[in-house]
>>> print(open('input39.cif').read())   # mmCIF, C-alpha atoms and all ligand atoms
data_data
loop_
_atom_site.label_atom_id
_atom_site.label_comp_id
_atom_site.auth_asym_id
_atom_site.auth_seq_id
_atom_site.Cartn_x
_atom_site.Cartn_y
_atom_site.Cartn_z
CA MET A 1 -2.99 -19.45 2.93
CA LEU A 2 -4.27 -19.98 -0.60
CA LEU A 3 -7.05 -22.46 -1.46
CA GLY A 4 -6.49 -24.02 1.96
CA ILE A 5 -2.74 -24.44 1.38
CA PRO A 6 -0.41 -22.67 3.83
CA LEU A 7 2.31 -20.85 1.92
CA VAL A 8 5.63 -19.24 2.68
CA ILE A 9 6.37 -16.54 0.10
CA GLY A 10 9.63 -14.70 -0.41
CA ARG A 11 11.97 -13.01 -2.83
CA ASN A 12 15.56 -14.17 -3.30
CA VAL A 13 18.61 -11.94 -3.73
CA LYS A 14 18.15 -12.03 -7.52
CA GLY A 15 14.70 -10.50 -7.04
CA ASP A 16 12.78 -13.67 -8.01
CA GLY A 17 9.67 -14.46 -6.01
CA PHE A 18 9.03 -17.96 -4.73
CA ALA A 19 6.24 -19.84 -2.96
CA LEU A 20 6.67 -23.02 -0.93
CA ARG A 21 4.12 -25.03 1.01
CA ASP A 22 4.57 -23.78 4.55
CA ALA A 23 5.26 -27.29 5.83
CA CYS A 24 8.65 -28.99 5.95
CA PRO A 25 8.61 -32.34 4.08
CA HIS A 26 10.44 -33.88 7.07
CA ARG A 27 8.03 -33.41 10.00
CA GLY A 28 5.73 -30.67 8.76
CA MET A 29 7.13 -27.73 10.74
CA PRO A 30 6.20 -24.34 9.23
CA LEU A 31 9.13 -23.18 7.11
CA SER A 32 7.97 -19.60 7.67
CA GLU A 33 9.31 -19.97 11.25
CA GLY A 34 12.77 -20.76 9.89
CA VAL A 35 15.63 -18.66 8.56
CA PHE A 36 15.93 -17.30 5.00
CA ASP A 37 19.41 -16.26 3.85
CA GLY A 38 18.39 -14.76 0.49
CA HIS A 39 18.63 -18.12 -1.35
CA ASN A 40 17.57 -20.93 0.96
CA VAL A 41 15.02 -21.49 3.69
CA GLU A 42 16.22 -23.42 6.74
CA CYS A 43 13.62 -25.36 8.72
CA PRO A 44 13.55 -24.29 12.38
CA TYR A 45 13.24 -27.86 13.71
CA HIS A 46 16.06 -30.10 12.41
CA GLY A 47 17.68 -27.56 10.10
CA TRP A 48 16.93 -29.11 6.70
CA VAL A 49 17.71 -26.46 4.08
CA PHE A 50 15.62 -25.89 0.93
CA GLU A 51 16.28 -23.69 -2.09
CA GLY A 52 13.44 -21.16 -2.26
CA LYS A 53 12.56 -21.26 -5.97
CA THR A 54 12.63 -25.03 -6.57
CA GLY A 55 12.17 -26.34 -3.03
CA GLN A 56 15.14 -28.69 -3.60
CA CYS A 57 16.88 -29.78 -0.43
CA GLN A 58 20.43 -28.44 -0.07
CA ALA A 59 21.49 -29.86 3.27
CA ILE A 60 20.41 -32.21 6.08
CA PRO A 61 22.69 -31.47 9.05
CA SER A 62 22.12 -34.79 10.83
CA LEU A 63 23.32 -36.96 7.91
CA THR A 64 26.57 -38.84 8.45
CA ALA A 65 28.95 -40.36 5.88
CA ARG A 66 27.24 -43.71 6.36
CA ASP A 67 23.76 -42.42 5.45
CA LYS A 68 22.61 -43.24 1.93
CA LEU A 69 19.82 -40.61 1.61
CA LYS A 70 20.30 -38.44 -1.49
CA VAL A 71 19.72 -34.92 -0.27
CA GLU A 72 19.09 -33.51 -3.77
CA ARG A 73 16.14 -35.88 -4.25
CA VAL A 74 14.23 -34.35 -1.35
CA PHE A 75 11.94 -31.43 -2.19
CA ALA A 76 9.71 -29.08 -0.27
CA THR A 77 6.54 -28.49 -2.32
CA SER A 78 7.03 -25.41 -4.47
CA PHE A 79 4.47 -23.54 -6.58
CA PRO A 80 4.94 -21.33 -9.65
CA CYS A 81 5.17 -17.75 -8.46
CA ASP A 82 5.34 -14.60 -10.54
CA GLU A 83 5.53 -10.98 -9.44
CA ARG A 84 3.48 -8.51 -11.45
CA ASP A 85 1.86 -5.13 -10.76
CA GLY A 86 3.32 -5.20 -7.25
CA TYR A 87 1.68 -8.53 -6.33
CA PHE A 88 2.93 -12.10 -6.08
CA TRP A 89 0.75 -14.42 -8.17
CA VAL A 90 0.96 -18.02 -6.99
CA TYR A 91 -0.40 -20.80 -9.17
CA ILE A 92 -1.88 -23.87 -7.43
CA PRO A 93 -2.17 -26.61 -10.05
CA ASP A 94 -4.98 -29.13 -10.20
CA PRO A 95 -3.82 -32.04 -7.96
CA GLU A 96 -4.66 -34.42 -10.84
CA GLN A 97 -2.32 -32.56 -13.20
CA ARG A 98 0.78 -31.80 -11.19
CA ASN A 99 2.96 -31.19 -14.28
CA GLU A 100 0.57 -28.69 -15.81
CA LYS A 101 2.39 -25.54 -16.96
CA ALA A 102 1.36 -22.39 -15.09
CA PRO A 103 -0.43 -19.80 -17.25
CA PRO A 104 1.11 -16.31 -17.31
CA ALA A 105 0.12 -14.11 -14.36
CA PRO A 106 -2.87 -11.94 -15.30
CA ARG A 107 -2.43 -8.22 -15.86
CA LEU A 108 -4.48 -5.98 -13.63
CA PRO A 109 -6.72 -3.64 -15.62
CA ARG A 110 -5.51 -0.06 -15.76
CA LEU A 111 -8.01 2.73 -16.26
CA ARG A 112 -5.30 4.99 -17.58
CA PRO A 113 -1.53 5.18 -17.68
CA ARG A 114 -0.21 6.31 -14.34
CA LEU A 115 2.39 8.65 -15.71
CA LEU A 116 2.93 10.78 -18.76
CA SER A 117 5.79 8.47 -19.71
CA GLY A 118 3.18 5.68 -19.91
CA THR A 119 0.84 7.74 -22.11
CA MET A 120 3.40 8.60 -24.78
CA PRO A 121 6.47 6.44 -24.18
CA GLU A 122 7.86 7.40 -27.60
CA CYS A 123 8.09 11.08 -26.50
CA PHE A 124 8.82 10.52 -22.80
CA PRO A 125 11.04 7.48 -22.53
CA TYR A 126 12.05 8.38 -18.96
CA GLU A 127 10.16 9.81 -16.02
CA SER A 128 12.74 12.62 -15.76
CA VAL A 129 11.91 13.79 -19.33
CA ALA A 130 8.21 13.97 -18.43
CA THR A 131 8.93 15.85 -15.20
CA SER A 132 11.05 18.41 -16.99
CA PHE A 133 8.25 18.81 -19.61
CA TRP A 134 5.86 19.87 -16.83
CA GLN A 135 8.46 22.16 -15.29
CA GLN A 136 8.87 23.95 -18.62
CA ILE A 137 5.10 24.25 -19.16
CA LEU A 138 4.56 25.74 -15.70
CA SER A 139 7.39 28.23 -16.04
CA ALA A 140 6.20 29.24 -19.56
CA LEU A 141 2.72 29.92 -18.16
CA ARG A 142 4.32 31.91 -15.32
CA LEU A 143 1.95 30.35 -12.83
CA ALA A 144 2.28 31.73 -9.37
CA GLU A 145 0.42 31.11 -6.15
CA ARG A 146 -2.25 33.65 -5.42
CA TYR A 147 -3.66 34.03 -1.96
CA VAL A 148 -7.28 35.13 -1.78
CA PRO A 149 -8.53 36.52 1.51
CA LEU A 150 -11.50 34.51 2.76
CA GLY A 151 -12.96 37.23 4.92
CA PRO A 152 -14.18 36.53 8.44
CA LEU A 153 -13.92 32.78 9.03
CA ASP A 154 -17.18 32.68 10.97
CA LEU A 155 -19.01 33.81 7.81
CA TYR A 156 -17.22 31.69 5.20
CA GLU A 157 -19.11 28.45 4.49
CA VAL A 158 -16.77 25.48 4.00
CA ALA A 159 -19.79 23.22 3.54
CA ASP A 160 -23.51 23.57 3.58
CA GLY A 161 -24.45 25.15 6.90
CA MET A 162 -20.94 24.81 8.32
CA HIS A 163 -18.80 27.85 8.79
CA ALA A 164 -15.05 28.02 8.69
CA GLU A 165 -14.58 29.21 12.25
CA VAL A 166 -13.72 25.56 12.96
CA LEU A 167 -10.44 26.19 11.10
CA GLY A 168 -9.37 28.81 13.62
CA SER A 169 -9.76 26.58 16.66
CA LEU A 170 -8.19 23.70 14.75
CA VAL A 171 -4.92 25.41 13.86
CA ASP A 172 -4.45 27.25 17.18
CA GLY A 173 -1.10 26.32 18.64
CA TYR A 174 0.42 25.07 15.38
CA GLY A 175 2.04 28.35 14.27
CA ASP A 176 2.09 29.18 10.57
CA VAL A 177 0.14 26.20 9.19
CA ARG A 178 -0.99 26.30 5.57
CA PHE A 179 -3.04 23.67 3.83
CA HIS A 180 -5.35 23.20 0.91
CA ALA A 181 -9.05 22.79 1.76
CA SER A 182 -11.41 21.71 -1.00
CA ASN A 183 -15.03 22.73 -0.47
CA GLY A 184 -16.05 20.00 -2.95
CA ALA A 185 -14.23 17.22 -1.08
CA ILE A 186 -15.46 18.41 2.33
CA GLY A 187 -19.03 18.71 1.03
CA SER A 188 -19.04 15.23 -0.49
CA PHE A 189 -17.60 13.71 2.74
CA LEU A 190 -20.22 15.45 4.89
CA GLU A 191 -23.00 14.36 2.55
CA THR A 192 -21.80 10.75 2.64
CA VAL A 193 -21.46 10.11 6.40
CA PRO A 194 -25.16 10.65 7.20
CA LEU A 195 -25.94 7.79 4.77
CA LEU A 196 -24.18 5.35 7.12
CA HIS A 197 -26.16 2.65 8.86
CA PRO A 198 -26.06 3.46 12.62
CA LEU A 199 -23.80 0.45 13.19
CA GLY A 200 -21.85 0.79 9.94
CA SER A 201 -18.56 2.50 9.21
CA LEU A 202 -17.13 4.29 6.21
CA VAL A 203 -13.57 3.12 5.45
CA SER A 204 -11.31 5.14 3.23
CA HIS A 205 -7.61 4.68 2.32
CA ASP A 206 -5.82 7.82 1.22
CA LEU A 207 -2.89 10.13 1.85
CA PHE A 208 -4.17 11.59 5.11
CA VAL A 209 -2.48 14.12 7.31
CA THR A 210 -3.38 12.71 10.72
CA ASP A 211 -1.77 15.41 12.85
CA LEU A 212 -1.61 19.08 11.83
CA ALA A 213 2.03 19.22 12.96
CA GLN A 214 2.85 17.11 9.87
CA TYR A 215 2.25 20.18 7.70
CA GLY A 216 5.21 21.82 9.37
CA CYS A 217 7.75 19.04 8.89
CA GLY A 218 7.42 17.80 5.33
CA PHE A 219 5.71 18.15 1.98
CA ARG A 220 1.97 17.43 2.15
CA GLY A 221 0.94 19.09 -1.13
CA PRO A 222 -0.62 20.55 -3.02
CA GLY A 223 1.91 19.99 -5.76
CA LYS A 224 2.25 18.51 -9.18
CA TYR A 225 4.26 15.44 -10.00
CA ASP A 226 4.47 14.50 -13.66
CA GLY A 227 0.89 15.57 -14.29
CA SER A 228 -0.60 14.16 -11.11
CA VAL A 229 -1.73 16.50 -8.36
CA VAL A 230 -0.40 15.31 -5.01
CA ASN A 231 -2.43 16.54 -2.09
CA TRP A 232 -2.76 14.94 1.33
CA VAL A 233 -6.25 15.00 2.84
CA ASN A 234 -6.54 17.08 5.99
CA GLY A 235 -7.61 14.41 8.49
CA PRO A 236 -8.01 16.63 11.57
CA LEU A 237 -10.26 18.97 9.58
CA LEU A 238 -12.46 16.04 8.52
CA GLN A 239 -12.53 14.87 12.17
CA ALA A 240 -13.58 18.29 13.40
CA LEU A 241 -16.28 18.77 10.75
CA ALA A 242 -17.64 15.22 11.05
CA GLY A 243 -17.65 15.64 14.85
CA ARG A 244 -20.04 18.56 14.47
CA ARG A 245 -22.41 16.31 12.56
CA GLY A 246 -22.25 13.58 15.24
CA PHE A 247 -19.69 11.29 13.61
CA HIS A 248 -16.39 9.99 14.91
CA VAL A 249 -13.38 9.65 12.55
CA GLU A 250 -10.22 7.77 13.50
CA PHE A 251 -7.03 6.95 11.59
CA SER A 252 -4.83 3.87 11.55
CA PRO A 253 -1.89 2.67 9.41
CA PHE A 254 -2.85 1.08 6.09
CA ASP A 255 -2.78 -2.68 6.86
CA HIS A 256 -1.62 -3.82 3.43
CA ALA A 257 1.40 -1.51 3.20
CA SER A 258 2.19 -0.27 6.68
CA ARG A 259 5.38 1.52 5.54
CA SER A 260 3.61 3.54 2.84
CA PRO A 261 2.31 7.07 3.51
CA ILE A 262 -1.26 5.80 3.06
CA ALA A 263 -3.51 5.82 6.13
CA THR A 264 -6.94 4.34 6.73
CA ALA A 265 -9.79 6.53 7.99
CA ARG A 266 -12.86 5.01 9.64
CA ALA A 267 -15.94 7.14 10.17
CA ARG A 268 -18.88 5.98 12.24
CA ALA A 269 -21.79 7.46 14.11
CA ARG A 270 -20.82 8.56 17.61
CA ASP A 271 -22.24 6.44 20.42
S1 LIG B 301 10.73 -30.80 10.51
FE1 LIG B 301 11.91 -29.65 9.18
S2 LIG B 301 13.86 -30.44 9.36
FE2 LIG B 301 12.67 -31.70 10.59
#
>>> encode(input="input39.cif", output="structure tokens", more="lines below")
Ligand code: FES
Amino acid sequence: MLLGIPLVIGRNVKGDGFALRDACPHRGMPLSEGVFDGHNVECPYHGWVFEGKTGQCQAIPSLTARDKLKVERVFATSFPCDERDGYFWVYIPDPEQRNEKAPPAPRLPRLRPRLLSGTMPECFPYESVATSFWQQILSALRLAERYVPLGPLDLYEVADGMHAEVLGSLVDGYGDVRFHASNGAIGSFLETVPLLHPLGSLVSHDLFVTDLAQYGCGFRGPGKYDGSVVNWVNGPLLQALAGRRGFHVEFSPFDHASRSPIATARARARD
């Protein structure tokens, strides 16, 4: 729904996005309930078929040889649609100016190039060149992991007034689990939750590990990818620490991209 107009949005086999009013021009049935074959959308009611990009009718199954209706003159309402920055941008023209040309889709502001290849494209024309640059730098520096003993966990402070003995009870039963814990990140989370209104919640979208077993069956960082540090946030650790301060944290799939590794965390004061 955009500006009160129901839309059906799709992408055809050529990769072009399209947007049609989600109402068949015949009897108004929602086209989104119909069938899309990669080119055309077929209305679920009487089977009229419309090309996705232009909305032009391609077939009306009930027509006989005696019918005079010109199928190609029937159109479902279509709107200019452009895909940019991972979003479909649909332009709804002013009803008074139906033939107005759609302006180009806006560019989303970028605070910085996402990858090294975006920073200096003349030196790093491909992502693979940038990745190999970092590999060479790291091997030239001879960086190696160093493990530093923390000492007794019940004395080591992970955050102000909170000792690390919580880690021991957390990882019990998970075997050899290793993860990165940032005192800075834990501290800032624990300083933020008490600011919540008693009925409010803190919502955060990130790469969360939501079950410690995930550390044992796939990469969860820390690691470096083309200059970016990839590190999943230890959700169960946040749950355990927040729990000690009287807050409840729960995780759910990220609504806007449910197949991505992103998860949504909601923290709120415990009842
Ligand atoms: S309502 Fe769509 S074909 Fe009749």
>>> residues_near_point(input="input39.cif", point="(20.0, -20.5, -5.1)", cutoff="8 Å", atoms="all atoms listed in the file", output="ChimeraX atom specification")
/A:12,39-40,51-53
>>> write_last_selection(input="input39.cif", atoms="C-alpha atoms", output="mmCIF file, in the coordinates of the input")
data_model
loop_
_atom_site.group_PDB
_atom_site.id
_atom_site.type_symbol
_atom_site.label_atom_id
_atom_site.label_comp_id
_atom_site.auth_asym_id
_atom_site.auth_seq_id
_atom_site.Cartn_x
_atom_site.Cartn_y
_atom_site.Cartn_z
ATOM 1 C CA ASN A 12 15.560 -14.170 -3.300
ATOM 2 C CA HIS A 39 18.630 -18.120 -1.350
ATOM 3 C CA ASN A 40 17.570 -20.930 0.960
ATOM 4 C CA GLU A 51 16.280 -23.690 -2.090
ATOM 5 C CA GLY A 52 13.440 -21.160 -2.260
ATOM 6 C CA LYS A 53 12.560 -21.260 -5.970
#
>>> residues_around(input="input39.cif", residues="stretch 238-241 of chain A", least_positions_apart="2", cutoff="9 Å", atoms="all atoms listed in the file", output="PyMOL selection string")
chain A and resi 162+166-167+170+186+189-190+233-236+243-245+247-250+267
>>> write_last_selection(input="input39.cif", atoms="C-alpha atoms", output="PDB file, keeping the file's coordinate frame")
ATOM      1  CA  MET A 162     -20.940  24.810   8.320  1.00  0.00           C
ATOM      2  CA  VAL A 166     -13.720  25.560  12.960  1.00  0.00           C
ATOM      3  CA  LEU A 167     -10.440  26.190  11.100  1.00  0.00           C
ATOM      4  CA  LEU A 170      -8.190  23.700  14.750  1.00  0.00           C
ATOM      5  CA  ILE A 186     -15.460  18.410   2.330  1.00  0.00           C
ATOM      6  CA  PHE A 189     -17.600  13.710   2.740  1.00  0.00           C
ATOM      7  CA  LEU A 190     -20.220  15.450   4.890  1.00  0.00           C
ATOM      8  CA  VAL A 233      -6.250  15.000   2.840  1.00  0.00           C
ATOM      9  CA  ASN A 234      -6.540  17.080   5.990  1.00  0.00           C
ATOM     10  CA  GLY A 235      -7.610  14.410   8.490  1.00  0.00           C
ATOM     11  CA  PRO A 236      -8.010  16.630  11.570  1.00  0.00           C
ATOM     12  CA  GLY A 243     -17.650  15.640  14.850  1.00  0.00           C
ATOM     13  CA  ARG A 244     -20.040  18.560  14.470  1.00  0.00           C
ATOM     14  CA  ARG A 245     -22.410  16.310  12.560  1.00  0.00           C
ATOM     15  CA  PHE A 247     -19.690  11.290  13.610  1.00  0.00           C
ATOM     16  CA  HIS A 248     -16.390   9.990  14.910  1.00  0.00           C
ATOM     17  CA  VAL A 249     -13.380   9.650  12.550  1.00  0.00           C
ATOM     18  CA  GLU A 250     -10.220   7.770  13.500  1.00  0.00           C
ATOM     19  CA  ALA A 267     -15.940   7.140  10.170  1.00  0.00           C
TER      20      ALA A 267
END
>>> atom_distance(input="input39.cif", atom1="atom CA of A:Tyr215", atom2="atom CA of A:Gly168")
15.6 Å
>>> residues_near_ligand(input="input39.cif", ligand="ligand LIG 301 (chain B)", cutoff="12 Å", atoms="all atoms listed in the file", output="count of residues only")
34
>>> atom_distance(input="input39.cif", atom1="atom CA of A:Leu20", atom2="atom CA of A:Ile5")
9.8 Å
